[in-house]
Amino acid sequence: MSIESKLTEIRHRIRAAALKVGRDPASVRLVAVSKTNPANLVDEAARAGQRLFGENYVQELAVKAQSVTEPVEWHFIGHLQSNKVRQIAGVVTMIHSVDRFSLAEEIDRQWAKLGLTCDVLVQVNVAGESTKSGTTAAAAVELVTAVARLPYLRVKGVMTMPPFFDDPEGSRPYFRALWELAEEIDRLVIPGVTMTELSMGMSGDFEVAIEEGATLVRVGSAIFGER
């Protein structure tokens, strides 16, 4: 199947999952995860109508963003080291993986130099896995509140990566827990914070994520093939 055909299929599945639970399909955005795939495949996907792409690695994104010829929007979705933030400043419109205040401070510092604001999501390690990044659910409110005070950042929501399950239903409790956390934060009415974005769900479980409230689904292998 071509990338265009795969994108069409994914969009149909997103639409069906949203309608199944009475959601507007337009409330879900597809982030095509292009990590380890060359710029020409990003261009191919963009010509098929995909505009939003996610990258996990700073070095790869910095090079790829200069090589892609089609007009696209970049999100950074991987673990981010503070000393590499400057390389993606102004390149990405959203960072999904803010998991500590020191990182948020560096993002604020680099975007301030450009006179721009950066949309960020706080990454929450809902399952408490030692192998995954993210603040704890218990500490998320404190981190969101602190990040919201930084003038060049806008907290738009939260992100999580559940444990891997062969059956996507296994992910459901973790997606639901993130939605509940977002609702809890929203009720606090923290100045400068909106919980409009829930980044959760990947190639194997994005439909379950949508049923549980995802607004951003990060899909790579189902579009570009296995790496």
# chains A, B, ... in the order shown; residues from 1 in each chain; ligands from 1

call {"tool": "residues_around", "arguments": {"residues": "range 81-84 of chain A", "least_positions_apart": "6", "cutoff": "9 Å", "atoms": "only C-alpha atoms", "output": "list of chain:residue names"}}
result
A:Val58, A:Gln59, A:Ser102, A:Leu103, A:Ala104, A:Glu105, A:Glu106, A:Ile107

call {"tool": "closest_atom_pairs", "arguments": {"of": "range 129-176 of chain A", "to": "range 203-215 of chain A", "cutoff": "12 Å", "atoms": "only C-alpha atoms", "output": "Markdown table"}}
result
| residue | atom | partner | partner_atom | distance |
| --- | --- | --- | --- | --- |
| A:Lys156 | CA | A:Thr215 | CA | 11.2 |
| A:Gly157 | CA | A:Thr215 | CA | 9.8 |
| A:Val158 | CA | A:Ala214 | CA | 10.0 |
| A:Met159 | CA | A:Ala214 | CA | 9.3 |
| A:Thr160 | CA | A:Ala214 | CA | 10.3 |
| A:Met161 | CA | A:Ala209 | CA | 10.6 |
| A:Pro162 | CA | A:Asp205 | CA | 9.9 |
| A:Pro163 | CA | A:Asp205 | CA | 11.1 |
| A:Phe164 | CA | A:Gly204 | CA | 9.1 |
| A:Phe165 | CA | A:Gly204 | CA | 8.7 |
| A:Asp166 | CA | A:Gly204 | CA | 8.3 |
| A:Asp167 | CA | A:Asp205 | CA | 8.2 |
| A:Pro168 | CA | A:Asp205 | CA | 4.8 |
| A:Glu169 | CA | A:Val208 | CA | 6.8 |
| A:Gly170 | CA | A:Asp205 | CA | 9.0 |
| A:Ser171 | CA | A:Asp205 | CA | 7.2 |
| A:Arg172 | CA | A:Val208 | CA | 6.3 |
| A:Pro173 | CA | A:Glu212 | CA | 9.0 |
| A:Tyr174 | CA | A:Ala209 | CA | 9.2 |
| A:Phe175 | CA | A:Ala209 | CA | 6.0 |
| A:Arg176 | CA | A:Glu212 | CA | 5.6 |

call {"tool": "select_by_dssp", "arguments": {"residues": "chain A", "states": "helix (DSSP H, G or I)", "output": "PyMOL selection string"}}
result
chain A and resi 3-20+25-27+39-47+58-67+82-88+101-114+137-148+168-187+206-211+221-224

call {"tool": "residues_around", "arguments": {"residues": "range 141-146 of chain A", "least_positions_apart": "4", "cutoff": "7 Å", "atoms": "only C-alpha atoms", "output": "JSON, numbers by chain"}}
result
{"A": [101, 122, 185, 190]}

call {"tool": "closest_atom_pairs", "arguments": {"of": "range 59-175 of chain A", "to": "range 39-43 of chain A", "cutoff": "8 Å", "atoms": "only C-alpha atoms", "output": "CSV"}}
result
residue,atom,partner,partner_atom,distance
A:Lys64,CA,A:Ala39,CA,5.7
A:Ala65,CA,A:Ala39,CA,7.9
A:Ser67,CA,A:Ala39,CA,6.0
A:Val68,CA,A:Ala39,CA,5.2
A:Thr69,CA,A:Asp43,CA,6.6
A:Glu70,CA,A:Asp43,CA,5.6

call {"tool": "write_last_selection", "arguments": {"atoms": "N, CA and C atoms", "output": "short mmCIF file (atom, residue, chain, number, x, y, z; two decimals), in the first residue's frame"}}
result
data_model
loop_
_atom_site.label_atom_id
_atom_site.label_comp_id
_atom_site.auth_asym_id
_atom_site.auth_seq_id
_atom_site.Cartn_x
_atom_site.Cartn_y
_atom_site.Cartn_z
N LYS A 64 15.99 17.08 9.13
CA LYS A 64 14.83 16.77 8.29
C LYS A 64 13.98 18.01 8.00
N ALA A 65 13.85 18.85 9.01
CA ALA A 65 13.02 20.05 8.84
C ALA A 65 13.55 20.95 7.72
N SER A 67 15.12 19.71 5.09
CA SER A 67 15.09 18.95 3.85
C SER A 67 13.69 18.78 3.28
N VAL A 68 12.68 18.83 4.13
CA VAL A 68 11.30 18.67 3.67
C VAL A 68 10.89 19.91 2.89
N THR A 69 10.32 19.71 1.71
CA THR A 69 9.98 20.84 0.84
C THR A 69 8.53 21.26 0.96
N GLU A 70 7.65 20.35 1.40
CA GLU A 70 6.23 20.68 1.54
C GLU A 70 5.99 21.46 2.84
#

call {"tool": "closest_atom_pairs", "arguments": {"of": "range 43-100 of chain A", "to": "range 196-201 of chain A", "cutoff": "12 Å", "atoms": "only C-alpha atoms", "output": "Markdown table"}}
result
| residue | atom | partner | partner_atom | distance |
| --- | --- | --- | --- | --- |
| A:Gly54 | CA | A:Ser199 | CA | 11.4 |
| A:His75 | CA | A:Ser199 | CA | 11.2 |
| A:Phe76 | CA | A:Ser199 | CA | 11.7 |
| A:Ile77 | CA | A:Ser199 | CA | 9.4 |
| A:Met94 | CA | A:Glu197 | CA | 10.8 |
| A:Ile95 | CA | A:Ser199 | CA | 10.6 |
| A:His96 | CA | A:Ser199 | CA | 7.3 |
| A:Ser97 | CA | A:Ser199 | CA | 9.8 |

call {"tool": "closest_residue", "arguments": {"among": "A:Met195, A:Val98, A:Ala137, A:Leu150", "to": "Gln123 in chain A", "atoms": "only C-alpha atoms"}}
result
A:Val98

call {"tool": "closest_atom_pairs", "arguments": {"of": "range 106-203 of chain A", "to": "range 86-92 of chain A", "cutoff": "9 Å", "atoms": "only C-alpha atoms", "output": "Markdown table"}}
result
| residue | atom | partner | partner_atom | distance |
| --- | --- | --- | --- | --- |
| A:Glu106 | CA | A:Arg86 | CA | 8.3 |
| A:Ile107 | CA | A:Ala89 | CA | 7.6 |
| A:Arg109 | CA | A:Arg86 | CA | 8.9 |
| A:Gln110 | CA | A:Arg86 | CA | 5.8 |
| A:Trp111 | CA | A:Ala89 | CA | 6.0 |
| A:Leu114 | CA | A:Gly90 | CA | 7.2 |
| A:Leu116 | CA | A:Gly90 | CA | 7.4 |
| A:Thr117 | CA | A:Gly90 | CA | 8.7 |
| A:Cys118 | CA | A:Val92 | CA | 8.0 |

call {"tool": "write_last_selection", "arguments": {"atoms": "C-alpha atoms", "output": "compact mmCIF listing (two decimals), in the first residue's frame"}}
result
# COMPACT_ATOMS: atom_id res chain seq x y z
CA GLU A 106 14.98 25.97 29.07
CA ILE A 107 12.16 25.84 26.49
CA ARG A 109 14.43 30.63 27.63
CA GLN A 110 14.99 29.55 24.03
CA TRP A 111 11.57 30.64 22.76
CA LEU A 114 12.76 34.35 19.35
CA LEU A 116 7.63 33.34 20.31
CA THR A 117 5.52 31.13 22.53
CA CYS A 118 5.62 27.34 22.52

call {"tool": "closest_residue", "arguments": {"among": "A:Gly128, A:Pro38, A:Gly192, A:Gly115", "to": "Phe224 in chain A", "atoms": "only C-alpha atoms"}}
result
A:Pro38

call {"tool": "residues_around", "arguments": {"residues": "range 19-35 of chain A", "least_positions_apart": "2", "cutoff": "6 Å", "atoms": "only C-alpha atoms", "output": "count of residues only"}}
result
14

call {"tool": "select_by_dssp", "arguments": {"residues": "range 41-98 of chain A", "states": "strand (DSSP E or B)", "output": "PyMOL selection string"}}
result
chain A and resi 52-55+73-76+94-98

call {"tool": "write_last_selection", "arguments": {"atoms": "N, CA, C and O atoms", "output": "mmCIF file, in the first residue's frame"}}
result
data_model
loop_
_atom_site.group_PDB
_atom_site.id
_atom_site.type_symbol
_atom_site.label_atom_id
_atom_site.label_comp_id
_atom_site.auth_asym_id
_atom_site.auth_seq_id
_atom_site.Cartn_x
_atom_site.Cartn_y
_atom_site.Cartn_z
ATOM 1 N N LEU A 52 0.663 17.406 9.822
ATOM 2 C CA LEU A 52 1.240 17.405 11.154
ATOM 3 C C LEU A 52 2.116 16.166 11.350
ATOM 4 O O LEU A 52 1.657 15.040 11.176
ATOM 5 N N PHE A 53 3.371 16.410 11.707
ATOM 6 C CA PHE A 53 4.342 15.326 11.855
ATOM 7 C C PHE A 53 5.016 15.393 13.220
ATOM 8 O O PHE A 53 5.270 16.478 13.747
ATOM 9 N N GLY A 54 5.329 14.223 13.767
ATOM 10 C CA GLY A 54 5.986 14.138 15.063
ATOM 11 C C GLY A 54 7.347 13.498 14.943
ATOM 12 O O GLY A 54 7.530 12.518 14.216
ATOM 13 N N GLU A 55 8.310 14.048 15.662
ATOM 14 C CA GLU A 55 9.666 13.514 15.663
ATOM 15 C C GLU A 55 10.125 13.250 17.092
ATOM 16 O O GLU A 55 9.768 13.976 18.021
ATOM 17 N N GLU A 73 3.821 21.002 9.660
ATOM 18 C CA GLU A 73 3.941 21.445 11.046
ATOM 19 C C GLU A 73 4.610 20.325 11.837
ATOM 20 O O GLU A 73 4.259 19.154 11.673
ATOM 21 N N TRP A 74 5.558 20.715 12.692
ATOM 22 C CA TRP A 74 6.299 19.724 13.464
ATOM 23 C C TRP A 74 5.934 19.771 14.932
ATOM 24 O O TRP A 74 5.826 20.850 15.519
ATOM 25 N N HIS A 75 5.753 18.593 15.527
ATOM 26 C CA HIS A 75 5.646 18.447 16.983
ATOM 27 C C HIS A 75 6.822 17.602 17.446
ATOM 28 O O HIS A 75 7.213 16.651 16.759
ATOM 29 N N PHE A 76 7.368 17.913 18.611
ATOM 30 C CA PHE A 76 8.403 17.054 19.190
ATOM 31 C C PHE A 76 7.739 16.169 20.226
ATOM 32 O O PHE A 76 7.083 16.660 21.151
ATOM 33 N N MET A 94 4.702 22.482 18.960
ATOM 34 C CA MET A 94 4.293 21.887 20.237
ATOM 35 C C MET A 94 5.309 20.842 20.677
ATOM 36 O O MET A 94 5.859 20.117 19.850
ATOM 37 N N ILE A 95 5.545 20.786 21.988
ATOM 38 C CA ILE A 95 6.390 19.757 22.591
ATOM 39 C C ILE A 95 5.498 18.932 23.519
ATOM 40 O O ILE A 95 4.883 19.472 24.440
ATOM 41 N N HIS A 96 5.421 17.618 23.252
ATOM 42 C CA HIS A 96 4.511 16.737 23.986
ATOM 43 C C HIS A 96 5.120 16.194 25.266
ATOM 44 O O HIS A 96 4.407 15.550 26.039
ATOM 45 N N SER A 97 6.406 16.397 25.481
ATOM 46 C CA SER A 97 7.131 15.595 26.474
ATOM 47 C C SER A 97 7.793 16.406 27.587
ATOM 48 O O SER A 97 8.900 16.097 28.021
ATOM 49 N N VAL A 98 7.107 17.433 28.076
ATOM 50 C CA VAL A 98 7.644 18.205 29.199
ATOM 51 C C VAL A 98 7.375 17.423 30.484
ATOM 52 O O VAL A 98 6.225 17.252 30.896
#

call {"tool": "atom_distance", "arguments": {"atom1": "CA of Ala177 in chain A", "atom2": "CA of Val126 in chain A"}}
result
7.2 Å

call {"tool": "closest_residue", "arguments": {"among": "A:Thr194, A:Ser133, A:Asn56, A:Ser221", "to": "Asp119 in chain A", "atoms": "only C-alpha atoms"}}
result
A:Thr194
